[in-house]
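Q: To start, I am sharing the structure in question, which I have written as C-alpha cells.
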Amino acid sequence: ETQSVQIAPGEFLACWTDGITEARGTTDQQFGRDRLISLAEHHVGAGPRAVADAVEREVREHAQDGPMADDCTFLAVRFP
C-alpha cells in the first residue's frame with residue numbers, strides 16, 4: 001500500500017515495522033500500537049533520537065531481552 005502526505009516544517013514522522021508493535025513480553029502480551037504512540041508522543045519534544053532510543057529501550061524491556069520473532073525497525077524524523 002502506498003500513501004502520500006505533506007509534512008510541514010517542524011512536524012515529526014515516525015514509521016515502524018510490525019515487529020515493534022507485535023513484540024511479546026513474558027505474559028505473551030504484545031507491545032501494542034497504542035503503547036508505541038504514547039511512548040513516542042512522550043519523548044517527541046526531546047527529538048527523534050530520544051524517541052528512537054526510548055522505543056528500543058522499552059521494547060527490549062517488554063520482551064525481557066529475549067529473541068524477537070520478527071524484524072524490529074523504527075524510524076523517527078523531524079522536518080526542519
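In the C-alpha cells, chains take letters A, B, ... by order of appearance, with residues numbered from 1 within each chain and ligands from 1 in the order shown.
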Would you kindly return, as a PyMOL selection string, each protein, DNA or RNA residue with an atom no farther than 6 Å from any atom of stretch 76-78 of chain A, considering only C-alpha atoms and excluding same-chain residues fewer than 4 positions away?

A: chain A and resi 11-14+48

Q: Please, could you write that set of residues out with C-alpha atoms as a short mmCIF file (atom, residue, chain, number, x, y, z; two decimals), in the first residue's frame?

A:
data_model
loop_
_atom_site.label_atom_id
_atom_site.label_comp_id
_atom_site.auth_asym_id
_atom_site.auth_seq_id
_atom_site.Cartn_x
_atom_site.Cartn_y
_atom_site.Cartn_z
CA GLU A 11 6.48 18.17 12.13
CA PHE A 12 7.56 14.74 13.29
CA LEU A 13 7.28 11.49 11.33
CA ALA A 14 7.57 8.02 12.86
CA PRO A 48 13.95 11.91 17.03
#

Q: Going by DSSP on the backbone, which residues of chain A come out as alpha helix (DSSP H)? List them as number ranges by chain.

A: A: 18-21, 33-43, 48-62

Q: Can those selected residues be exported to a file as a tab-separated table (two decimals), in the first residue's frame so that it contains N, CA and C atoms?

A:
chain	number	residue	atom	x	y	z
A	18	ASP	N	5.92	-4.05	11.94
A	18	ASP	CA	5.03	-4.71	12.89
A	18	ASP	C	5.78	-5.49	13.96
A	19	GLY	N	7.07	-5.72	13.77
A	19	GLY	CA	7.85	-6.39	14.81
A	19	GLY	C	7.90	-5.59	16.10
A	20	ILE	N	7.80	-4.27	16.00
A	20	ILE	CA	7.78	-3.42	17.19
A	20	ILE	C	6.47	-3.62	17.96
A	21	THR	N	5.36	-3.43	17.28
A	21	THR	CA	4.07	-3.50	17.97
A	21	THR	C	3.69	-4.92	18.36
A	33	ARG	N	0.31	-0.96	19.48
A	33	ARG	CA	0.36	0.31	18.75
A	33	ARG	C	0.10	1.50	19.68
A	34	ASP	N	-0.91	1.39	20.53
A	34	ASP	CA	-1.24	2.50	21.43
A	34	ASP	C	-0.08	2.81	22.37
A	35	ARG	N	0.56	1.78	22.88
A	35	ARG	CA	1.71	1.98	23.77
A	35	ARG	C	2.85	2.65	23.02
A	36	LEU	N	3.10	2.22	21.78
A	36	LEU	CA	4.16	2.82	20.97
A	36	LEU	C	3.89	4.29	20.70
A	37	ILE	N	2.69	4.62	20.31
A	37	ILE	CA	2.34	6.01	20.01
A	37	ILE	C	2.44	6.87	21.27
A	38	SER	N	1.95	6.38	22.39
A	38	SER	CA	2.05	7.12	23.64
A	38	SER	C	3.51	7.37	24.02
A	39	LEU	N	4.34	6.36	23.86
A	39	LEU	CA	5.76	6.49	24.17
A	39	LEU	C	6.41	7.53	23.27
A	40	ALA	N	6.12	7.49	21.97
A	40	ALA	CA	6.70	8.45	21.03
A	40	ALA	C	6.24	9.87	21.36
A	41	GLU	N	4.96	10.04	21.64
A	41	GLU	CA	4.44	11.36	21.99
A	41	GLU	C	5.10	11.91	23.24
A	42	HIS	N	5.38	11.05	24.20
A	42	HIS	CA	6.00	11.48	25.45
A	42	HIS	C	7.42	12.01	25.23
A	43	HIS	N	8.15	11.45	24.28
A	43	HIS	CA	9.55	11.81	24.06
A	43	HIS	C	9.78	12.71	22.86
A	48	PRO	N	14.07	13.25	17.61
A	48	PRO	CA	13.95	11.91	17.03
A	48	PRO	C	14.86	10.86	17.67
A	49	ARG	N	16.08	11.21	18.00
A	49	ARG	CA	17.00	10.23	18.61
A	49	ARG	C	16.47	9.77	19.95
A	50	ALA	N	15.94	10.70	20.74
A	50	ALA	CA	15.38	10.35	22.05
A	50	ALA	C	14.17	9.42	21.90
A	51	VAL	N	13.35	9.67	20.89
A	51	VAL	CA	12.19	8.81	20.65
A	51	VAL	C	12.66	7.40	20.28
A	52	ALA	N	13.59	7.31	19.32
A	52	ALA	CA	14.09	6.00	18.88
A	52	ALA	C	14.75	5.25	20.03
A	53	ASP	N	15.54	5.95	20.83
A	53	ASP	CA	16.20	5.31	21.97
A	53	ASP	C	15.17	4.80	22.99
A	54	ALA	N	14.15	5.60	23.25
A	54	ALA	CA	13.10	5.18	24.21
A	54	ALA	C	12.34	3.97	23.68
A	55	VAL	N	12.04	3.96	22.40
A	55	VAL	CA	11.33	2.82	21.81
A	55	VAL	C	12.18	1.56	21.92
A	56	GLU	N	13.45	1.67	21.55
A	56	GLU	CA	14.33	0.50	21.64
A	56	GLU	C	14.40	-0.02	23.08
A	57	ARG	N	14.60	0.88	24.02
A	57	ARG	CA	14.72	0.50	25.43
A	57	ARG	C	13.44	-0.18	25.93
A	58	GLU	N	12.29	0.42	25.64
A	58	GLU	CA	11.02	-0.11	26.13
A	58	GLU	C	10.65	-1.45	25.48
A	59	VAL	N	10.91	-1.58	24.18
A	59	VAL	CA	10.60	-2.85	23.51
A	59	VAL	C	11.50	-3.95	24.04
A	60	ARG	N	12.78	-3.66	24.22
A	60	ARG	CA	13.70	-4.67	24.78
A	60	ARG	C	13.27	-5.07	26.19
A	61	GLU	N	12.90	-4.08	26.99
A	61	GLU	CA	12.46	-4.37	28.36
A	61	GLU	C	11.17	-5.20	28.34
A	62	HIS	N	10.25	-4.83	27.47
A	62	HIS	CA	8.99	-5.57	27.35
A	62	HIS	C	9.24	-7.03	26.97

Q: Using backbone DSSP assignments, extract all strand (DSSP E) residues from chain A; output them as a list in words.

A: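 Listing strand (DSSP E) positions across chain A yields Phe12, Leu13, Ala14, Cys15, Trp16, Phe74, Leu75, Ala76, Val77 and Arg78 of chain A.
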
Q: Could you save the residues just selected, with all heavy atoms, as a compact mmCIF listing (two decimals), in the first residue's frame?

A:
# COMPACT_ATOMS: atom_id res chain seq x y z
N PHE A 12 6.84 15.96 12.94
CA PHE A 12 7.56 14.74 13.29
C PHE A 12 6.93 13.57 12.56
O PHE A 12 5.71 13.48 12.46
CB PHE A 12 7.44 14.54 14.80
CG PHE A 12 8.24 13.40 15.35
CD1 PHE A 12 9.55 13.60 15.74
CD2 PHE A 12 7.68 12.15 15.49
CE1 PHE A 12 10.29 12.56 16.26
CE2 PHE A 12 8.41 11.10 16.00
CZ PHE A 12 9.72 11.31 16.39
N LEU A 13 7.76 12.68 12.02
CA LEU A 13 7.28 11.49 11.33
C LEU A 13 7.90 10.27 11.99
O LEU A 13 9.11 10.22 12.22
CB LEU A 13 7.68 11.53 9.86
CG LEU A 13 7.39 10.28 9.04
CD1 LEU A 13 5.89 10.10 8.87
CD2 LEU A 13 8.10 10.35 7.70
N ALA A 14 7.08 9.28 12.31
CA ALA A 14 7.57 8.02 12.86
C ALA A 14 7.01 6.88 12.02
O ALA A 14 5.83 6.87 11.68
CB ALA A 14 7.14 7.86 14.31
N CYS A 15 7.88 5.94 11.67
CA CYS A 15 7.49 4.75 10.90
C CYS A 15 8.08 3.54 11.61
O CYS A 15 9.16 3.62 12.18
CB CYS A 15 8.04 4.81 9.48
SG CYS A 15 7.56 6.25 8.54
N TRP A 16 7.35 2.43 11.56
CA TRP A 16 7.85 1.24 12.22
C TRP A 16 7.33 -0.02 11.54
O TRP A 16 6.31 0.02 10.85
CB TRP A 16 7.46 1.22 13.70
CG TRP A 16 5.97 1.28 13.93
CD1 TRP A 16 5.10 0.23 13.99
CD2 TRP A 16 5.18 2.44 14.12
NE1 TRP A 16 3.81 0.66 14.21
CE2 TRP A 16 3.83 2.03 14.29
CE3 TRP A 16 5.46 3.81 14.17
CZ2 TRP A 16 2.80 2.93 14.51
CZ3 TRP A 16 4.42 4.69 14.37
CH2 TRP A 16 3.12 4.25 14.56
N PHE A 74 12.44 0.97 13.53
CA PHE A 74 11.75 2.18 13.90
C PHE A 74 12.52 3.36 13.31
O PHE A 74 13.73 3.43 13.44
CB PHE A 74 11.68 2.32 15.43
CG PHE A 74 10.91 3.53 15.87
CD1 PHE A 74 9.53 3.48 15.99
CD2 PHE A 74 11.55 4.71 16.18
CE1 PHE A 74 8.81 4.59 16.39
CE2 PHE A 74 10.85 5.82 16.60
CZ PHE A 74 9.47 5.77 16.69
N LEU A 75 11.81 4.26 12.66
CA LEU A 75 12.41 5.44 12.05
C LEU A 75 11.70 6.67 12.58
O LEU A 75 10.47 6.74 12.58
CB LEU A 75 12.25 5.38 10.52
CG LEU A 75 12.64 6.63 9.75
CD1 LEU A 75 14.15 6.83 9.79
CD2 LEU A 75 12.16 6.53 8.31
N ALA A 76 12.48 7.63 13.05
CA ALA A 76 11.92 8.89 13.56
C ALA A 76 12.63 10.05 12.88
O ALA A 76 13.87 10.08 12.83
CB ALA A 76 12.09 8.98 15.07
N VAL A 77 11.85 10.99 12.36
CA VAL A 77 12.40 12.14 11.64
C VAL A 77 11.63 13.39 12.03
O VAL A 77 10.41 13.36 12.11
CB VAL A 77 12.28 11.94 10.11
CG1 VAL A 77 12.84 13.13 9.36
CG2 VAL A 77 12.96 10.67 9.67
N ARG A 78 12.36 14.48 12.26
CA ARG A 78 11.71 15.77 12.42
C ARG A 78 12.15 16.63 11.24
O ARG A 78 13.33 16.74 10.97
CB ARG A 78 12.11 16.47 13.73
CG ARG A 78 11.51 17.88 13.77
CD ARG A 78 11.63 18.54 15.11
NE ARG A 78 10.67 17.88 15.99
CZ ARG A 78 10.85 17.73 17.29
NH1 ARG A 78 11.92 18.17 17.86
NH2 ARG A 78 9.96 17.11 18.03

Q: Mind pulling up the distance from atom CA of A:Cys72 to atom CA of A:Gly45?

A: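 Distance between the two atoms: 23.1 Å.
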
Q: Can you tell me, as number ranges by chain, what residues are no more than 10 Å from A:Pro67 when counting only C-alpha atoms, ignoring any on the same chain fewer than 3 positions away?

A: A: 23-24, 60, 63-64, 70
